[in-house]
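Trainee: Below you'll find the structure I mean.
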Amino acid sequence: MLICLLISCNDKVPVISSDDFKQDVHSFPFSTYNMLCVELYEDNLYHTNRLDNRHLLLYDFKRNIIDTIISDNKVIDIIVVNDSSIFYTDYQIGNYLLKNANDNSYDYFKDVHNTVSHPYWRDDYQCISVFPTQPLTMTDPKSGIVSCVRKHIFAEDYSVILENDIPVYLRFEIAADSSIIPVSFFGEYPKNHPKENYYDGGILYYFYNHKSKEIITHTAVDDYVVLCDSMGNKIQDVYFGSQLYQYSPFSIDKKNKMAESINHYYSATLYSYIGFDEYRNIYYRWMSLPREKDEDSMIKEDIVDYILIVADEKFNIKYEVFFDGDKYYPIPADDLINEKGLLIYEKENKEWKGSHTAAWFVFK
């Protein structure tokens, strides 16, 4: 299949095998499948355990050991700003509590409705941080970005957001008294976004570039992304797509049907997460690439390969990288990047659940 891709794209940017960029393999003392809500900061990997979600853990690459940072109700998102500023979202029934690991008793959003009024929903909103679809970003120890939407809006009808141009993200600051102060609201869909496509509820995702301070908004079904300034104001639509992407509709009558969503994932190309490698000034964008089903096979295999689109800091696409779905499993979250490169989980015998290794890749 890869040979076919390479031949078909000779007149465009090349599609290159991921093995050409593979630098090193790291072995963990535990299964990579058990690591959830993962954040990589320098040589430390912060995560929670998939089996209980109660502990914020630190894995030290150099010492090859795990330490427990805190224990709480249910850790569902982790945000590392620096060694002394580690935030996480603790879930209690009906509430998503933003806390700092250095003071795990405090919920910064407890009284958010006292200081923040949404420009459209007023007080009828929730500040939600849920790994990986609606993550929290801390731009520095005292400010960040969080989803700010009416409860279940994407499960209902996201066309309301499109028709009324409703911002779905809040840039905030944490005041001296620890109250939340609104800085801006934003949420711009690409200009030609297909309004009738309800895959994943039509969620608008975002990425914050800590180096340029710019924000990128994007969806799972659009070649284009929206480049915004640090406040979320639109600068321009930018093409950041794969030549292998093929648009596939997902109608409103399927939007809350899990089986239909799963079938779509295994049959259509879909964009996912964006990352930025500040060590090499390179943007990444992932796309799933399902394999064509073998109708003659007696064994049904739903295998998804992956394409990593690599672009420079001006979004000039350099090349695309093919990842074999039998060998690798990119985690559905911000890319794990440090000086060594981009960390991608490996599979053992086509199974991620039993894997104990990940590989470093370096793109230039």
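Following the order of the structure tokens, chains are lettered A, B, ..., residues in each are numbered from 1, and ligands are numbered from 1.
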Go through region 93-249 of chain A and collect every residue that DSSP, computed from the backbone, puts in strand (DSSP E); the answer should be as a PyMOL selection string.
Mentor: chain A and resi 95-100+126-128+137-140+143-149+169-174+180-186+205-208+215-218+224-228+234-239
Trainee: Show me, as a VMD selection string, the residues that have an atom within 9 Å of region 270-277 of chain A when counting only C-alpha atoms, minus same-chain residues fewer than 3 positions from it.
Mentor: chain A and resid 205 to 211 216 218 to 223 241 to 242 245 to 248 265 280 to 289 313 332 to 338 341 to 342
Trainee: Give me a file of those residues, with C-alpha atoms, as a PDB file, in the first residue's frame.
Mentor:
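selection00.pdb written:
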ATOM      1  CA  TYR A 205     -10.819  21.759  18.300  1.00  0.00           C
ATOM      2  CA  TYR A 206      -7.985  24.168  19.025  1.00  0.00           C
ATOM      3  CA  PHE A 207      -4.216  24.142  19.432  1.00  0.00           C
ATOM      4  CA  TYR A 208      -2.136  26.746  21.243  1.00  0.00           C
ATOM      5  CA  ASN A 209       1.417  27.382  20.038  1.00  0.00           C
ATOM      6  CA  HIS A 210       3.431  28.293  23.139  1.00  0.00           C
ATOM      7  CA  LYS A 211       6.260  29.701  21.042  1.00  0.00           C
ATOM      8  CA  ILE A 216      -5.215  27.267  15.597  1.00  0.00           C
ATOM      9  CA  HIS A 218      -9.681  23.001  13.319  1.00  0.00           C
ATOM     10  CA  THR A 219     -12.132  20.141  12.817  1.00  0.00           C
ATOM     11  CA  ALA A 220     -11.964  16.456  11.896  1.00  0.00           C
ATOM     12  CA  VAL A 221     -13.446  16.978   8.426  1.00  0.00           C
ATOM     13  CA  ASP A 222     -11.750  20.028   6.929  1.00  0.00           C
ATOM     14  CA  ASP A 223      -8.480  20.409   5.011  1.00  0.00           C
ATOM     15  CA  GLY A 241      -4.402  18.999   4.771  1.00  0.00           C
ATOM     16  CA  SER A 242      -3.336  15.685   3.298  1.00  0.00           C
ATOM     17  CA  TYR A 245      -7.864  13.029   2.462  1.00  0.00           C
ATOM     18  CA  GLN A 246     -11.257  12.187   1.000  1.00  0.00           C
ATOM     19  CA  TYR A 247     -14.303  13.946   2.371  1.00  0.00           C
ATOM     20  CA  SER A 248     -17.040  11.661   3.661  1.00  0.00           C
ATOM     21  CA  TYR A 265     -13.902   5.976  11.790  1.00  0.00           C
ATOM     22  CA  ARG A 280      12.637  22.091  15.072  1.00  0.00           C
ATOM     23  CA  ASN A 281       9.991  24.729  14.224  1.00  0.00           C
ATOM     24  CA  ILE A 282       7.685  22.158  12.661  1.00  0.00           C
ATOM     25  CA  TYR A 283       3.902  21.723  12.777  1.00  0.00           C
ATOM     26  CA  TYR A 284       2.291  18.271  12.794  1.00  0.00           C
ATOM     27  CA  ARG A 285      -1.242  17.243  11.895  1.00  0.00           C
ATOM     28  CA  TRP A 286      -2.514  13.676  12.188  1.00  0.00           C
ATOM     29  CA  MET A 287      -4.967  11.965   9.853  1.00  0.00           C
ATOM     30  CA  SER A 288      -6.406   8.456  10.151  1.00  0.00           C
ATOM     31  CA  LEU A 289      -6.228   6.343   6.987  1.00  0.00           C
ATOM     32  CA  GLU A 313       6.168  27.320  10.920  1.00  0.00           C
ATOM     33  CA  PRO A 332      -5.123  10.839  20.688  1.00  0.00           C
ATOM     34  CA  ALA A 333      -3.788  13.967  22.351  1.00  0.00           C
ATOM     35  CA  ASP A 334      -1.129  16.644  22.114  1.00  0.00           C
ATOM     36  CA  ASP A 335       2.014  15.206  20.608  1.00  0.00           C
ATOM     37  CA  LEU A 336       4.697  13.984  23.012  1.00  0.00           C
ATOM     38  CA  ILE A 337       7.659  16.125  21.991  1.00  0.00           C
ATOM     39  CA  ASN A 338      10.994  16.984  23.588  1.00  0.00           C
ATOM     40  CA  GLY A 341      11.927  14.074  18.995  1.00  0.00           C
ATOM     41  CA  LEU A 342       8.326  12.901  18.748  1.00  0.00           C
TER      42      LEU A 342
END
Trainee: Give me, as a list in words, all polymer residues having an atom no more than 10 Å from Val112 (chain A), counting only C-alpha atoms and skipping those fewer than 5 positions away in the same chain.
Mentor: Asp107, Ser117, Asp123, Gln126, Cys127, Ser179, Ile180, Ile181 and Pro182 of chain A
Trainee: How would you write, as an MDAnalysis selection string, the set of residues in region 54-215 of chain A that DSSP gives as alpha helix (DSSP H)?
Mentor: chainID A and resid 112:115 153:156 159:164
Trainee: Smallest atom-to-atom distance to Val75 (chain A): which of A:Asn114, A:Ser129, A:Ser184, A:Asn102, using only C-alpha atoms?
Mentor: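 Of A:Asn114, A:Ser129, A:Ser184, A:Asn102, the one nearest Val75 (chain A) is A:Ser129, counting only C-alpha atoms.
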